[in-house]
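Reproduced below: upload-v9.cif, with mmCIF, C-alpha atoms.
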data_target
#
loop_
_atom_site.label_atom_id
_atom_site.label_comp_id
_atom_site.auth_asym_id
_atom_site.auth_seq_id
_atom_site.Cartn_x
_atom_site.Cartn_y
_atom_site.Cartn_z
CA MET A 1 58.21 136.45 43.79
CA ARG A 2 58.72 135.86 47.49
CA ALA A 3 59.83 132.26 46.80
CA PHE A 4 62.28 133.56 44.20
CA GLY A 5 63.72 135.98 46.77
CA LEU A 6 64.20 133.21 49.31
CA ASN A 7 65.88 130.98 46.72
CA PHE A 8 68.16 133.86 45.71
CA PHE A 9 69.04 134.48 49.38
CA PHE A 10 69.86 130.81 50.10
CA LEU A 11 71.88 130.57 46.87
CA HIS A 12 74.07 133.46 48.00
CA ILE A 13 74.47 131.92 51.45
CA ASN A 14 75.52 128.62 49.89
CA ASN A 15 78.02 130.36 47.58
CA PHE A 16 79.45 132.24 50.54
CA LEU A 17 79.89 129.06 52.58
CA MET A 18 81.51 127.23 49.64
CA HIS A 19 83.81 130.19 49.10
CA LYS A 20 84.70 130.21 52.83
CA LYS A 21 85.42 126.46 52.72
CA ARG A 22 87.82 126.95 49.80
CA ILE A 23 89.59 129.74 51.70
CA LEU A 24 90.00 127.49 54.77
CA ILE A 25 91.40 124.65 52.63
CA LEU A 26 93.87 127.00 50.95
CA LEU A 27 94.86 128.43 54.33
CA PHE A 28 95.45 124.93 55.73
CA CYS A 29 97.61 124.02 52.72
CA LEU A 30 99.62 127.24 53.13
CA ILE A 31 100.23 126.57 56.84
CA THR A 32 101.28 122.99 56.08
CA VAL A 33 103.79 124.14 53.43
CA VAL A 34 105.24 126.72 55.84
CA CYS A 35 105.56 124.10 58.59
CA PHE A 36 107.33 121.71 56.24
CA SER A 37 109.71 124.45 55.08
CA ARG A 38 110.57 125.44 58.65
CA GLY A 39 110.98 121.87 59.85
CA HIS A 40 107.99 121.79 62.21
CA ILE A 41 106.55 118.82 60.30
CA ASN A 42 108.81 116.09 58.96
CA ILE A 43 107.10 113.76 56.51
CA ASP A 44 110.12 111.42 56.75
CA SER A 45 109.23 110.55 60.33
CA ILE A 46 105.91 109.04 59.23
CA PHE A 47 107.68 105.96 57.81
CA PHE A 48 110.78 104.07 58.89
CA ASN A 49 113.68 105.45 56.87
CA PRO A 50 117.24 106.74 57.43
CA THR A 51 116.03 110.07 58.87
CA TYR A 52 113.69 108.39 61.33
CA PHE A 53 116.39 105.83 62.21
CA GLN A 54 118.75 108.71 62.99
CA LEU A 55 116.13 110.29 65.27
CA ARG A 56 115.69 106.95 67.04
CA LEU A 57 119.45 106.71 67.63
CA ASP A 58 119.42 110.28 68.97
CA SER A 59 116.70 109.31 71.41
CA LEU A 60 118.70 106.27 72.48
CA TYR A 61 121.92 108.19 73.05
CA LEU A 62 120.63 111.55 74.33
CA GLY A 63 117.55 110.33 76.18
CA GLN A 64 117.24 106.78 77.42
CA PHE A 65 120.88 106.13 78.30
CA ARG A 66 122.21 109.62 78.91
CA GLN A 67 122.55 109.04 82.65
CA ALA A 68 124.16 105.62 82.19
CA LEU A 69 126.84 107.15 79.92
CA LYS A 70 127.60 110.13 82.15
CA GLY A 71 130.41 108.52 84.14
CA HIS A 72 132.29 107.38 81.03
CA GLU A 73 132.30 110.48 78.83
CA GLN A 74 136.08 110.85 78.54
CA GLU A 75 136.87 107.23 77.63
CA ASN A 76 134.03 107.12 75.10
CA LYS A 77 135.15 110.39 73.51
CA GLN A 78 138.70 109.05 73.29
CA MET A 79 137.52 105.88 71.55
CA LEU A 80 135.54 107.88 68.98
CA ALA A 81 138.45 110.24 68.38
CA THR A 82 140.72 107.25 67.72
CA ALA A 83 138.24 105.87 65.17
CA LEU A 84 137.73 109.15 63.30
CA PRO A 85 140.76 108.89 60.91
CA GLY A 86 139.67 105.41 59.80
CA LEU A 87 136.13 106.60 59.13
CA ARG A 88 137.40 109.53 57.04
CA SER A 89 139.54 107.25 54.90
CA LEU A 90 136.69 104.80 54.17
CA THR A 91 135.72 104.97 50.48
CA GLU A 92 132.64 103.91 48.55
CA SER A 93 134.57 101.06 46.92
CA ASP A 94 135.68 99.84 50.37
CA ILE A 95 132.08 99.67 51.59
CA THR A 96 130.87 98.00 48.37
CA ARG A 97 133.57 95.33 48.66
CA GLN A 98 132.98 94.73 52.36
CA VAL A 99 129.22 94.31 51.95
CA SER A 100 129.75 91.85 49.09
CA GLU A 101 132.14 89.82 51.28
CA MET A 102 129.70 89.55 54.20
CA ASN A 103 128.69 85.95 54.88
CA SER A 104 124.98 86.56 55.41
CA VAL A 105 121.88 84.41 54.95
CA ILE A 106 119.98 87.60 54.03
CA HIS A 107 120.48 88.44 50.36
CA VAL A 108 119.59 92.09 49.93
CA GLY A 109 122.86 93.34 48.49
CA TYR A 110 124.21 96.87 48.40
CA ASN A 111 122.68 99.96 46.84
CA THR A 112 122.01 103.60 47.67
CA LYS A 113 119.24 102.70 50.14
CA VAL A 114 121.54 100.43 52.16
CA ARG A 115 124.26 103.08 51.92
CA GLU A 116 121.95 105.69 53.49
CA PHE A 117 121.59 103.55 56.61
CA ILE A 118 125.32 102.82 56.70
CA ASP A 119 125.92 106.58 56.56
CA VAL A 120 123.74 107.04 59.62
CA LEU A 121 125.57 104.33 61.58
CA LEU A 122 129.12 105.27 60.60
CA PHE A 123 129.20 108.96 59.81
CA LYS A 124 126.16 110.73 61.26
CA LYS A 125 125.67 108.92 64.59
CA PRO A 126 128.76 106.77 65.32
CA GLU A 127 128.48 107.39 69.09
CA ALA A 128 124.86 106.19 69.15
CA SER A 129 125.75 103.23 66.92
CA CYS A 130 128.42 102.19 69.41
CA LEU A 131 125.84 102.38 72.20
CA LEU A 132 123.59 100.13 70.08
CA LEU A 133 126.58 97.79 69.87
CA THR A 134 126.82 97.84 73.68
CA LEU A 135 123.23 96.63 73.91
CA ALA A 136 123.72 94.09 71.13
CA ASN A 137 126.76 92.59 72.85
CA HIS A 138 124.61 91.93 75.90
CA TYR A 139 121.33 90.76 74.38
CA VAL A 140 122.36 89.01 71.16
CA PRO A 141 124.15 86.05 72.83
CA LEU A 142 120.96 85.36 74.81
CA PHE A 143 118.85 85.59 71.65
CA GLN A 144 121.24 83.36 69.70
CA SER A 145 121.12 80.65 72.36
CA ILE A 146 117.32 80.57 71.94
CA PHE A 147 117.57 80.66 68.13
CA ASP A 148 119.92 77.64 68.21
CA LYS A 149 117.09 75.52 69.65
CA TYR A 150 115.02 76.16 66.51
CA SER A 151 117.89 76.11 63.96
CA VAL A 152 117.35 79.80 63.16
CA PRO A 153 120.46 81.68 61.92
CA GLY A 154 122.12 83.55 64.79
CA GLU A 155 122.63 86.70 62.73
CA LEU A 156 118.87 87.35 62.80
CA ALA A 157 119.30 88.08 66.51
CA TYR A 158 120.49 91.56 65.48
CA LEU A 159 117.08 92.50 64.05
CA PRO A 160 115.94 94.26 67.29
CA SER A 161 118.75 96.80 66.78
CA VAL A 162 116.74 98.38 63.99
CA ILE A 163 113.10 97.52 64.78
CA SER A 164 113.14 98.47 68.47
CA ALA A 165 116.71 99.43 69.53
CA PHE A 166 116.34 96.62 72.12
CA ASN A 167 113.62 98.62 73.89
CA PRO A 168 111.04 96.24 75.41
CA GLY A 169 108.54 99.10 75.61
CA ALA A 170 108.64 99.78 71.87
CA SER A 171 105.26 99.78 70.15
CA SER A 172 103.64 100.87 66.90
CA ILE A 173 100.30 102.27 65.80
CA TYR A 174 99.61 98.88 64.21
CA GLY A 175 99.53 97.08 67.57
CA SER A 176 102.98 95.50 67.62
CA SER A 177 104.97 95.63 70.84
CA GLY A 178 108.24 94.63 72.47
CA ILE A 179 111.80 94.23 71.27
CA TRP A 180 110.67 91.95 68.42
CA ASN A 181 107.66 94.11 67.38
CA ILE A 182 105.28 91.18 67.76
CA MET A 183 101.65 91.77 66.80
CA TYR A 184 98.91 90.93 69.30
CA ILE A 185 97.51 88.10 67.16
CA SER A 186 100.99 86.63 66.62
CA GLY A 187 101.70 86.85 70.35
CA LYS A 188 98.54 84.90 71.13
CA LEU A 189 99.27 82.39 68.35
CA TYR A 190 102.70 81.67 69.86
CA LYS A 191 101.28 81.34 73.40
CA LEU A 192 102.49 84.61 74.93
CA GLU A 193 100.52 85.94 77.87
CA ILE A 194 98.94 89.27 76.92
CA ASN A 195 96.34 90.83 79.19
CA SER A 196 95.66 93.97 81.23
CA MET A 197 98.46 93.18 83.70
CA VAL A 198 101.13 91.27 81.74
CA ASP A 199 102.47 91.54 78.20
CA GLU A 200 105.08 88.86 77.50
CA ARG A 201 105.91 90.49 74.17
CA ARG A 202 108.02 92.76 76.41
CA ASN A 203 109.78 89.84 78.08
CA TYR A 204 113.23 89.28 76.56
CA GLU A 205 113.35 85.49 76.73
CA LYS A 206 109.73 84.62 75.97
CA SER A 207 109.33 87.10 73.12
CA THR A 208 112.59 85.87 71.56
CA ASP A 209 111.35 82.27 71.77
CA ALA A 210 108.14 83.32 69.99
CA ALA A 211 110.13 85.24 67.34
CA ALA A 212 112.38 82.22 66.71
CA ARG A 213 109.35 79.96 66.17
CA GLN A 214 107.85 82.55 63.85
CA PHE A 215 111.06 82.72 61.78
CA LYS A 216 111.15 78.93 61.57
CA ASP A 217 107.52 78.78 60.39
CA PHE A 218 108.12 81.42 57.70
CA PHE A 219 111.23 79.61 56.49
CA ALA A 220 109.19 76.41 56.19
CA ILE A 221 106.86 78.31 53.83
CA TYR A 222 109.43 80.11 51.65
CA GLN A 223 112.62 78.03 52.06
CA ASP A 224 114.51 81.32 51.96
CA TRP A 225 115.69 83.39 54.94
CA THR A 226 115.39 86.72 53.10
CA LEU A 227 111.72 86.05 52.36
CA ALA A 228 111.23 84.67 55.88
CA LEU A 229 112.63 87.88 57.38
CA THR A 230 110.51 89.99 55.01
CA ALA A 231 107.40 88.02 56.00
CA TYR A 232 108.24 88.47 59.67
CA ILE A 233 108.33 92.25 59.21
CA VAL A 234 105.43 92.83 56.81
CA GLY A 235 103.39 89.61 57.05
CA SER A 236 103.23 86.59 54.77
CA ALA A 237 100.04 87.75 53.02
CA VAL A 238 101.79 90.97 51.99
CA VAL A 239 104.84 89.04 50.75
CA ASN A 240 102.66 86.67 48.69
CA LYS A 241 100.81 89.61 47.15
CA ALA A 242 104.12 91.36 46.35
CA ILE A 243 105.44 88.21 44.63
CA ARG A 244 102.32 88.08 42.46
CA ARG A 245 102.61 91.77 41.57
CA ALA A 246 106.32 91.27 40.77
CA ASN A 247 105.35 88.56 38.22
CA GLY A 248 106.68 85.75 40.40
CA LYS A 249 110.07 87.32 41.16
CA LYS A 250 111.24 86.69 44.72
CA ASP A 251 114.38 88.80 45.15
CA PHE A 252 113.94 91.58 47.68
CA TRP A 253 114.42 94.58 45.37
CA SER A 254 111.84 93.22 42.90
CA LEU A 255 109.36 93.02 45.78
CA TYR A 256 110.40 96.35 47.32
CA PRO A 257 108.00 98.66 45.35
CA PHE A 258 105.06 96.45 46.37
CA LEU A 259 105.84 96.32 50.11
CA PRO A 260 104.32 98.79 52.62
CA PRO A 261 106.38 102.03 52.67
CA GLU A 262 106.23 102.16 56.47
CA THR A 263 108.08 98.84 56.94
CA ARG A 264 109.99 97.92 53.77
CA ASP A 265 113.15 99.80 54.78
CA TYR A 266 113.73 97.63 57.85
CA LEU A 267 115.65 95.12 55.70
CA PRO A 268 118.10 97.68 54.21
CA ALA A 269 118.60 98.97 57.77
CA TYR A 270 119.20 95.41 58.98
CA VAL A 271 121.85 94.91 56.27
CA ALA A 272 123.53 98.16 57.36
CA MET A 273 123.52 96.99 60.99
CA THR A 274 125.03 93.59 60.13
CA TYR A 275 127.70 95.45 58.13
CA PHE A 276 128.44 97.64 61.16
CA VAL A 277 128.65 94.59 63.43
CA SER A 278 130.96 92.80 60.97
CA TYR A 279 133.44 95.65 60.40
CA HIS A 280 133.33 97.92 63.46
CA ASP A 281 136.57 96.41 64.83
CA GLN A 282 138.45 97.26 61.65
CA LEU A 283 137.25 100.87 62.03
CA ASN A 284 138.27 101.02 65.73
CA LEU A 285 134.63 101.57 66.73
CA LYS A 286 133.97 99.81 70.02
CA PRO A 287 130.95 99.40 72.33
CA LEU A 288 130.47 102.42 74.60
CA GLN A 289 131.16 102.11 78.30
CA ALA A 290 127.91 102.55 80.26
CA ASP A 291 126.54 101.79 83.73
CA LEU A 292 123.74 99.37 82.90
CA PRO A 293 122.11 96.74 85.16
CA PHE A 294 122.92 93.75 82.95
CA SER A 295 123.85 91.05 85.49
CA THR A 296 120.68 89.77 87.13
CA ASP A 297 119.30 87.28 89.63
CA THR A 298 115.78 85.84 89.47
CA VAL A 299 113.24 85.25 92.22
CA CYS A 300 110.02 83.21 91.98
CA ILE A 301 107.00 85.16 93.27
CA ARG A 302 103.86 83.29 94.37
CA LYS A 303 101.97 86.26 95.84
CA GLU A 304 100.87 89.59 94.37
CA LEU A 305 103.72 92.06 94.61
CA HIS A 306 104.28 95.67 93.57
CA LEU A 307 107.67 96.83 92.35
CA ARG A 308 107.50 99.81 94.72
CA GLN A 309 107.51 97.42 97.68
CA VAL A 310 110.78 95.95 96.43
CA SER A 311 112.17 99.37 95.58
CA LYS A 312 111.51 100.83 99.04
CA ILE A 313 112.73 97.92 101.17
CA LEU A 314 115.81 97.04 99.10
CA ASP A 315 116.57 100.64 98.10
CA ILE A 316 116.65 99.95 94.35
CA PRO A 317 115.57 102.71 91.92
CA ILE A 318 112.21 101.66 90.54
CA THR A 319 113.39 102.59 87.04
CA ILE A 320 115.91 99.72 87.22
CA LEU A 321 113.22 97.29 88.35
CA ARG A 322 111.04 98.37 85.42
CA GLU A 323 113.89 97.91 82.96
CA LEU A 324 114.50 94.39 84.22
CA ASN A 325 110.80 93.46 84.40
CA PRO A 326 109.17 95.27 81.45
CA GLN A 327 106.37 92.72 80.98
CA TYR A 328 104.51 93.91 84.09
CA LYS A 329 102.45 96.76 82.66
CA HIS A 330 101.44 98.46 85.91
CA ASP A 331 104.41 97.50 88.12
CA ILE A 332 102.38 94.64 89.63
CA LEU A 333 103.35 90.97 89.57
CA PRO A 334 99.87 89.35 89.58
CA ALA A 335 101.06 86.09 91.13
CA GLY A 336 98.59 83.58 92.56
CA PRO A 337 98.06 80.19 91.01
CA LYS A 338 100.74 81.12 88.50
CA ILE A 339 104.32 81.86 89.55
CA CYS A 340 105.75 85.20 88.37
CA ILE A 341 109.44 85.78 87.80
CA LEU A 342 111.04 88.87 89.29
CA LYS A 343 114.43 89.96 87.95
CA LEU A 344 116.77 91.88 90.25
CA PRO A 345 120.29 93.27 89.91
CA VAL A 346 122.62 90.37 90.67
CA SER A 347 123.66 91.67 94.10
CA TYR A 348 120.04 91.96 95.31
CA GLY A 349 118.79 88.39 94.94
CA ASP A 350 119.99 87.29 98.39
CA LYS A 351 118.81 90.57 99.94
CA PHE A 352 115.30 89.92 98.62
CA ARG A 353 115.23 86.45 100.15
CA LEU A 354 116.51 87.84 103.46
CA HIS A 355 113.92 90.65 103.63
CA LYS A 356 111.09 88.80 101.87
CA ASP A 357 108.57 89.12 104.73
CA SER A 358 109.22 92.85 105.15
CA ILE A 359 108.79 93.40 101.39
CA PHE A 360 105.38 91.72 101.25
CA LEU A 361 104.19 93.48 104.42
CA TYR A 362 105.28 96.94 103.27
CA LYS A 363 102.29 99.19 102.49
CA ASP A 364 99.68 96.79 101.15
CA SER A 365 97.75 99.84 99.88
CA VAL A 366 100.47 100.46 97.31
CA ILE A 367 98.78 97.84 95.09
CA ILE A 368 95.62 99.99 94.91
CA ALA A 369 97.56 103.23 94.65
CA SER A 370 99.38 101.88 91.60
CA ARG A 371 96.18 102.22 89.59
CA GLN A 372 96.57 105.99 89.91
CA SER A 373 99.81 106.23 87.93
CA THR A 374 100.54 105.95 84.26
CA ILE A 375 103.94 104.63 83.21
CA THR A 376 105.31 105.55 79.81
CA PHE A 377 108.23 103.69 78.21
CA PRO A 378 110.89 103.60 76.81
CA MET A 379 113.54 102.03 79.03
CA SER A 380 115.01 104.40 81.61
CA THR A 381 112.75 107.34 80.77
CA TYR A 382 109.51 107.04 82.74
CA ILE A 383 106.84 109.65 83.33
CA GLN A 384 104.74 109.35 86.46
CA ASN A 385 101.46 111.17 86.08
CA GLU A 386 99.96 111.17 89.57
CA PRO A 387 96.28 112.18 89.89
CA ARG A 388 94.64 113.14 93.15
CA MET A 389 95.11 110.56 95.90
CA ALA A 390 92.28 108.11 96.47
CA SER A 391 92.44 108.24 100.28
CA GLY A 392 89.03 109.01 101.80
CA ARG A 393 87.34 108.18 98.49
CA SER A 394 85.23 105.20 97.49
CA GLN A 395 86.43 102.92 94.71
CA VAL A 396 83.60 102.43 92.20
CA TYR A 397 83.22 101.19 88.65
CA HIS A 398 81.09 103.13 86.21
CA SER A 399 79.55 101.39 83.20
CA VAL A 400 79.58 103.76 80.21
CA ARG A 401 76.17 104.42 78.66
CA LEU A 402 75.26 105.54 75.16
CA GLY A 403 76.03 109.22 74.66
CA GLU A 404 78.11 109.69 77.82
CA THR A 405 81.34 111.67 77.69
CA LEU A 406 84.32 111.82 80.02
CA GLY A 407 83.36 115.36 81.03
CA ALA A 408 79.85 114.32 82.06
CA ILE A 409 81.13 111.31 84.01
CA ALA A 410 83.77 113.44 85.75
CA ALA A 411 81.12 115.97 86.82
CA LYS A 412 78.84 113.19 88.09
CA TYR A 413 81.53 111.76 90.38
CA HIS A 414 83.16 115.09 91.33
CA VAL A 415 86.52 114.22 89.78
CA THR A 416 88.46 115.53 86.79
CA VAL A 417 88.80 114.12 83.27
CA ALA A 418 92.56 113.85 83.88
CA ASP A 419 91.86 111.71 86.97
CA ILE A 420 89.65 109.29 85.03
CA LYS A 421 92.15 108.96 82.18
CA SER A 422 95.03 108.35 84.57
CA TRP A 423 93.15 105.85 86.77
CA ASN A 424 92.17 103.87 83.67
CA HIS A 425 95.41 104.34 81.67
CA MET A 426 93.56 106.04 78.81
CA LYS A 427 95.42 107.91 76.07
CA SER A 428 92.35 109.50 74.45
CA ASN A 429 88.88 110.73 75.43
CA SER A 430 87.04 108.10 73.39
CA LEU A 431 84.63 105.77 75.19
CA ARG A 432 82.67 102.68 74.20
CA VAL A 433 79.26 101.61 75.48
CA GLY A 434 79.60 99.14 78.36
CA GLN A 435 83.21 100.11 79.11
CA GLN A 436 84.02 99.78 82.83
CA LEU A 437 85.78 102.85 84.29
CA LEU A 438 87.57 102.68 87.64
CA LEU A 439 86.82 105.79 89.74
CA PHE A 440 87.77 107.05 93.18
CA SER A 441 84.82 109.19 94.14
CA ALA A 442 84.05 111.17 97.28
CA GLN A 443 80.38 110.59 96.46
CA LYS A 444 78.74 107.53 94.91
CA ALA A 445 76.73 109.21 92.22
CA GLY A 446 74.81 107.68 89.38
CA SER A 447 74.77 104.03 88.47
CA HIS A 448 77.92 102.03 88.83
CA THR A 449 78.69 98.36 88.70
CA THR A 450 81.39 96.01 89.85
CA PRO A 451 83.29 94.60 86.89
CA GLN A 452 82.50 90.99 86.19
CA LYS A 453 85.29 88.50 86.65
CA LYS A 454 86.38 86.87 83.49
#

Go through the file and emit its structure as structure tokens.
Amino acid sequence: MRAFGLNFFFLHINNFLMHKKRILILLFCLITVVCFSRGHINIDSIFFNPTYFQLRLDSLYLGQFRQALKGHEQENKQMLATALPGLRSLTESDITRQVSEMNSVIHVGYNTKVREFIDVLLFKKPEASCLLLTLANHYVPLFQSIFDKYSVPGELAYLPSVISAFNPGASSIYGSSGIWNIMYISGKLYKLEINSMVDERRNYEKSTDAAARQFKDFFAIYQDWTLALTAYIVGSAVVNKAIRRANGKKDFWSLYPFLPPETRDYLPAYVAMTYFVSYHDQLNLKPLQADLPFSTDTVCIRKELHLRQVSKILDIPITILRELNPQYKHDILPAGPKICILKLPVSYGDKFRLHKDSIFLYKDSVIIASRQSTITFPMSTYIQNEPRMASGRSQVYHSVRLGETLGAIAAKYHVTVADIKSWNHMKSNSLRVGQQLLLFSAQKAGSHTTPQKK
């Protein structure tokens, strides 16, 4: 009887918990629906699509380059006002005809999906599109000169307009990085330097050279530039699988349903961008006027150098130095046996050579202090997250043990979790056994080790 009573009790407890779980699930679903309805969550932004592309253009125009456009507001407004009548008179048949007349090696054609991206460029965000054109006019000739070496069509040089908006700090959750969205494995395969200090996927010239070789290799496989471009974006294994699932068909729209939703719309967006580039003059849409540090000089660096040293002595905003040298992940040129290239605004090359000794002598400790800041791209928008200064503290390395947490480690060394994350450029609280953490501790507590040289 007693056993029956206990079973009855536990049965009721179990039913209560199951009932509570259902209530929580229903509550979560209700909150999600409300958030969607009020615009707090936008499912469109999960994948690349016209809505997300529009948000990216907004970020470009209102965020990254807002300051650079400030001195040219009137002339840019006048240009857009002049173009407005032509945009209003543009009809669907005009756009259909113009797309069909484009002399492109990419055969995607025109449909409602392509039209959605054209709408964003022409009608929803023409000012941001013209800013994109400003960047394209500067970078594309450089890219095309590299593409010519590998017999890659020059029009493919416009791909960064849609995959990264020419932002060298662009990245994805899948591990791609740079203006060409190059994956880590691809970067290594094409001999780009990628380590804790340098990421050449962010270097304009070297990443473009790697992208050109990748395009050439994909064309050698498919003998078709549309498939080569598709393979560049989604991977050749995915393209091959899509061809099999499409019963051997190789045209883009037959493959489209079998391509990953998060990347398949890059090609329609690319077609829209090439349309915009081809016909913007006829619509009186011109590149925006902006104060951007495009003309550069280069200096060979044979000794470790921090961008702050250059910034302070030559009085150059460090944001400009970062824009021109995006491959140096922590503002440090780790020169030594290998020569590093430093790009400067064109008028500062001679000044650097004149004040070279003063630059290298300025605050040697700035190299160590740099480990205390986290730099977040893109382009001109940088966030400096400065933890407590390391002066008067000992630099130690802690080797993470099984079961340790950031909170426990912080307490052991009398620092904060925020300090540890900032010193080690961590975005989350997750740790792995054996991970080496750099710490600046007032007290050497616990076991710590010096990281082994690789």

So that I can check the surroundings of A:Ala272, please list as a list of chain:residue names every protein, DNA and RNA residue that reaches within 7 Å of it, counting all atoms listed in the file and ignoring chain neighbours fewer than 6 positions away.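 Listing them by chain and then by number gives A:Val114, A:Phe117, A:Ile118.
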
List as JSON lines every residue of stretch 136-254 of chain A that is in contact with stretch 96-108 of chain A, defined as an atom at most 12 Å from one of its atoms (using all atoms listed in the file), together with the nearest atom pair and the distance in Å rounded to one decimal, sorted by chain and then rising number.
{"residue": "A:Val152", "atom": "CA", "partner": "A:Val105", "partner_atom": "CA", "distance": 10.4}
{"residue": "A:Pro153", "atom": "CA", "partner": "A:Val105", "partner_atom": "CA", "distance": 7.6}
{"residue": "A:Gly154", "atom": "CA", "partner": "A:Val105", "partner_atom": "CA", "distance": 9.9}
{"residue": "A:Glu155", "atom": "CA", "partner": "A:Ser104", "partner_atom": "CA", "distance": 7.7}
{"residue": "A:Leu156", "atom": "CA", "partner": "A:Ile106", "partner_atom": "CA", "distance": 8.8}
{"residue": "A:Leu159", "atom": "CA", "partner": "A:Ile106", "partner_atom": "CA", "distance": 11.5}
{"residue": "A:Phe219", "atom": "CA", "partner": "A:Val105", "partner_atom": "CA", "distance": 11.8}
{"residue": "A:Gln223", "atom": "CA", "partner": "A:Val105", "partner_atom": "CA", "distance": 11.6}
{"residue": "A:Asp224", "atom": "CA", "partner": "A:Val105", "partner_atom": "CA", "distance": 8.5}
{"residue": "A:Trp225", "atom": "CA", "partner": "A:Ile106", "partner_atom": "CA", "distance": 6.1}
{"residue": "A:Thr226", "atom": "CA", "partner": "A:Ile106", "partner_atom": "CA", "distance": 4.8}
{"residue": "A:Leu227", "atom": "CA", "partner": "A:Ile106", "partner_atom": "CA", "distance": 8.6}
{"residue": "A:Ala228", "atom": "CA", "partner": "A:Ile106", "partner_atom": "CA", "distance": 9.4}
{"residue": "A:Leu229", "atom": "CA", "partner": "A:Ile106", "partner_atom": "CA", "distance": 8.1}
{"residue": "A:Thr230", "atom": "CA", "partner": "A:Ile106", "partner_atom": "CA", "distance": 9.8}
{"residue": "A:Lys250", "atom": "CA", "partner": "A:His107", "partner_atom": "CA", "distance": 11.0}
{"residue": "A:Asp251", "atom": "CA", "partner": "A:Val108", "partner_atom": "CA", "distance": 7.8}
{"residue": "A:Phe252", "atom": "CA", "partner": "A:Val108", "partner_atom": "CA", "distance": 6.1}
{"residue": "A:Trp253", "atom": "CA", "partner": "A:Val108", "partner_atom": "CA", "distance": 7.3}
{"residue": "A:Ser254", "atom": "CA", "partner": "A:Val108", "partner_atom": "CA", "distance": 10.5}

For the selection you just gave me, I'd like the residues written to a file as an mmCIF file, in the coordinates of the input, keeping C-alpha atoms.
data_model
loop_
_atom_site.group_PDB
_atom_site.id
_atom_site.type_symbol
_atom_site.label_atom_id
_atom_site.label_comp_id
_atom_site.auth_asym_id
_atom_site.auth_seq_id
_atom_site.Cartn_x
_atom_site.Cartn_y
_atom_site.Cartn_z
ATOM 1 C CA VAL A 152 117.350 79.800 63.160
ATOM 2 C CA PRO A 153 120.460 81.680 61.920
ATOM 3 C CA GLY A 154 122.120 83.550 64.790
ATOM 4 C CA GLU A 155 122.630 86.700 62.730
ATOM 5 C CA LEU A 156 118.870 87.350 62.800
ATOM 6 C CA LEU A 159 117.080 92.500 64.050
ATOM 7 C CA PHE A 219 111.230 79.610 56.490
ATOM 8 C CA GLN A 223 112.620 78.030 52.060
ATOM 9 C CA ASP A 224 114.510 81.320 51.960
ATOM 10 C CA TRP A 225 115.690 83.390 54.940
ATOM 11 C CA THR A 226 115.390 86.720 53.100
ATOM 12 C CA LEU A 227 111.720 86.050 52.360
ATOM 13 C CA ALA A 228 111.230 84.670 55.880
ATOM 14 C CA LEU A 229 112.630 87.880 57.380
ATOM 15 C CA THR A 230 110.510 89.990 55.010
ATOM 16 C CA LYS A 250 111.240 86.690 44.720
ATOM 17 C CA ASP A 251 114.380 88.800 45.150
ATOM 18 C CA PHE A 252 113.940 91.580 47.680
ATOM 19 C CA TRP A 253 114.420 94.580 45.370
ATOM 20 C CA SER A 254 111.840 93.220 42.900
#

Just the residues within 7 Å of stretch 429-434 of chain A, please, counting only C-alpha atoms, with nothing from its chain fewer than 5 positions along; format it as a PyMOL selection string. chain A and resi 399-402+406

Given the PyMOL selection byres ((chain A and resi 128) around 10) and the file above, list the residues it selects as a list in words.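 So the PyMOL selection byres ((chain A and resi 128) around 10) ends up selecting Gln54, Arg56, Leu57, Asp58, Ser59, Leu60, Tyr61, Leu62, Phe65, Val120, Leu121, Leu122, Lys124, Lys125, Pro126, Glu127, Ser129, Cys130, Leu131, Leu132, Leu133, Thr134, Pro287 and Leu288 of chain A.
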
Measuring atom to atom with all atoms listed in the file, identify which of A:Leu333, A:Leu342, A:Lys351, A:Ala290 is nearest to A:Asp315. A:Lys351

Expand the PyMOL selection byres ((chain A and resi 296) around 10) into the individual residues it matches in the shown file, reporting them as a list in words.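 With the shown file as input, the PyMOL selection byres ((chain A and resi 296) around 10) matches Pro293, Phe294, Ser295, Asp297, Thr298, Leu324, Leu342, Lys343, Leu344, Pro345, Val346, Ser347, Tyr348 and Gly349 of chain A.
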
Restricting to only C-alpha atoms, whichever of A:Gln327, A:Ile194, A:Asp265, A:Lys363 is closest to A:Lys312 is A:Lys363

Would you work out the distance separating atom CA of A:Tyr270 from atom CA of A:Lys149, expressed in Å to one decimal?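 Taking atom CA of A:Tyr270 as the start and atom CA of A:Lys149 as the end point, the length is 22.7 Å.
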
In Å, how far is it from atom CA of A:Phe47 to atom CA of A:Ile233? 13.8 Å

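Rounded to one decimal, atom CA of A:His330 and atom CA of A:Thr208 lie 22.1 Å from each other.
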
With only C-alpha atoms as the atoms that count, which of A:Ala210, A:Ala246, A:Leu84, A:Leu283 lies nearest to A:Tyr184? A:Ala210
